[in-house]
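Q: Quick one: the structure is below, and I'll ask about it shortly.
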Amino acid sequence: MAELLRAVKGMNDILPPGVPRTEKLPDSALWQWFEATVRSVLGRYGYQNLLTPIVEPTALFVRGLGEVTDIVEKEMYSFVDSMNGDKLTLRPEATAGIVRAMIEHNALYNGPLRIWTMGPMFRHERPQAGRLRQFHQFGVESFGTSDPRADIEVITLLWHLLLDLALPNLTLEINSLGSSGDRAAYKPILLAFLRHQESRLCANCRRRMETNPLRVLDCKVPDCRAVTESAPRLTDHLSPEARTHFDQVLAGLVAIGVPYRLNPRLVRGLDYYCLTSFEITSTHLGAQNAVGAGGRYDGLVKTLGGPSVPAVGFAVGLERVSLMLPEASLSSLNECLYYVAAFGEEGIKLGFVLLDELRGVGISAQCDYRATTLKGHLRQADRSKCRYAILLGDDEAARGSVILRNLESKAQEELPLVGLTSLLKTRTFSP
Ligand code: HAM
C-alpha cells in the first residue's frame with residue numbers, strides 16, 4: 001500500500017459541509033456565508049476589494065512588522081527562490097502586502113482609499129485551538145486620513161460585522177500607543193520599572209525587556225501579568241495631540257453606541273502601530289481569545305518607501321469566528337433545494353434532463369447517479385439535506401408527471417412534468 005500523505009500540521013482542509021470533521025473548523029459553507037455577510041456589511045461602508053499575492057519579499061515583513069517581533073523572529077515561512085536566490089516569505093499578515101501594493105501602483109495620491117481583503121496567512125506557531133499555521137483573515141485598511149473618525153469607522157465596522165455574525169460575549173478592548181515620540185519617552189520609564197521586577201519576569205520577558213519592553217506588558221504568563229498590573233501606563237504619558245486623538249475616538253464610540261473597555265496593557269505584536277490599537281475578544285475562545293484586532297499605523301507607508309500617508313485597519317481570524325459559532329447556526333447553509341430521484345429506464349432519461357433544466361433556471365438540484373431504486377434514492381436524498389425530492393420512475397414518466405416529496409414532512413404531491421421547471425421556479429423565487 002502506498003504511504004498516506006497528510007496535510008501539514010496546523011494547516012487544514014476546508015471541507016464541504018457533509019464531510020465529518022474531527023475538529024471544529026470552518027467548512028466551505030461557513031466560508032461562503034462569512035464572505036456573503038462581509039460583502040453585505042462592506043457594501044454599507046464603501047470599501048473596495050484588493051487581493052495581494054501570498055508570497056512577498058521577506059524584506060517587506062522584516063521592515064514592515066519590525067525585526068524584534070515574534071512573527072519576524074520565529075514565525076515566518078521563509079525560503080530562497082532556487083531559480084534566482086530571492087528571499088521570499090509566505091505572508092504572515094495582509095497589511096504590509098496591501099501597503100506595498102498601494103505604493104507600487106501609486107494608489108495613495110487621490111484622497112482616502114478604503115480597502116478590504118480576505119485570504120490565507122501563514123505563521124509557524126505551535127498549533128492549538130484557535131491557533132493555526134495556515135489560517136484565514138478578513139481585513140480592512142483605511143488610508144489617507146488621520147481623522148479619528150476613520151478609527152471610529154473601522155472599529156464600528158468590525159463591531160457590526162461581528163454582531164451580524166451573531167458572535168457571543170464580545171468585548172472591544174482599546175488602548176492608545178501614542179506617537180513614536182511618546183513611546184520613546186515612555187520606554188525608559190517602563191524599563192526602570194521592569195528592571196526592579198526583573199527576577200519575577202519569565203525568561204522571554206527578561207530578554208524582550210531590553211529589545212522591545214512594551215511587549216512585556218502583553219505577556220500572558222501569570223507572574224508577568226501580576227508584575228505589569230502596576231506598571232506605569234503609556235496612556236498617562238501621551239502627548240497632548242495623541243491624548244486628544246484618543247479622547248475623540250472614545251467619544252465617537254460612545255456617540256455611536258459601541259461599548260469598549262480600556263486596556264492599558266494592549267500593545268499588539270506588530271511594530272507598525274501607533275495611537276489607537278484595539279482587539280475584540282470573547283470569553284468563548286479560551287487562551288487565543290482575540291477574534292479580531294487592529295489599529296492605526298501612520299508610519300508604515302513611509303517605512304515601506306511610500307509617501308507619508310496615515311492609515312488604520314483591522315483583521316479578523318475566520319477560524320476563530322468558526323470556533324465561536326453554535327453548530328446549529330450553520331445547518332441551513334448545507335441546503336440544496338431539490339434531489340432528483342430518477343430511476344427506471346425512461347425515468348433516468350427524463351430525470352437527467354430535468355436536473356439540467358432546474359440548474360439552468362438557477363434552482364439548486366442534485367442527484368446520486370449510483371442509486372438505481374426509489375429506496376436507494378430516498379436514502380441519498382435524506383443524506384443530501386435537500387429540502388425536496390422529485391421522484392421520477394417509469395410509472396411517473398408514463399403518466400407525464402413527477403411526485404414532489406417534502407423530505408422533512410414526507411408530504412407528497414403529484415405535478416405535471418410539462419412546465420414543471422417554470423412552476424418550481426415560481427415557487428422558489430416568488431416572495
Ligand atoms: P493580528 O492581531 O496579528 O493582526 O491578527 C488578526 C487576527 O487574526 C487575530 O485577532 C486572530 O483572530 C487571527 N489570527 C492571528 N494569528 C492566528 C493564528 N495563528 N491562527 C488563527 N488565527 C490567527 C494582524 O494581522 C494585522 N495585520 C491586523 C491589522 C490590519 N492591523 C491593521 N490593519
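So you can find residues: chains in the C-alpha cells are A, B, ... in the order shown, residues in each start at 1, and ligands are numbered from 1 in order.
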Select the residues contacting ligand 1 at a distance of at most 6 Å, based on only C-alpha atoms and all ligand atoms, then format the selection as a PyMOL selection string.
A: chain A and resi 93-95+123+130-133+135+137+139+141+290-295+312-317+319-320
Q: Neighbours of stretch 266-268 of chain A within 8 Å (only C-alpha atoms; same-chain residues fewer than 2 positions away dropped), as an MDAnalysis selection string?
A: chainID A and resid 173:175 177 214:215 217:218 263:264 270:271 273 277:278
Q: With only C-alpha atoms as the atoms that count, which of A:Ile115, A:Cys202, A:Val154, A:Leu318 lies nearest to A:Gln32?
A: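 Under the stated criterion, the closest residue is A:Leu318.
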Q: Given the choices A:Thr22, A:Tyr272, A:Val140, A:Leu30, which gets closest to A:Glu67 if the distance is worked out from only C-alpha atoms?
A: A:Tyr272
Q: Using DSSP assignments from the backbone, pull out every residue in stretch 325-412 of chain A that falls under strand (DSSP E or B) and give it to me as a list in words.
A: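 Assigned to strand (DSSP E or B), within stretch 325-412 of chain A: Tyr338, Tyr339, Val340, Ala341, Ala342, Ala365, Gln366, Tyr388, Ala389, Ile390, Leu391, Leu392, Ser401, Val402, Ile403, Leu404, Arg405, Asn406 and Gln412 of chain A.
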Q: For A:Thr145, which residue out of A:Glu56, A:Glu346, A:Asp395, A:Asp298 is the nearest one, using only C-alpha atoms?
A: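 Going through A:Glu56, A:Glu346, A:Asp395, A:Asp298 one by one, the smallest distance to A:Thr145 is for A:Asp298.
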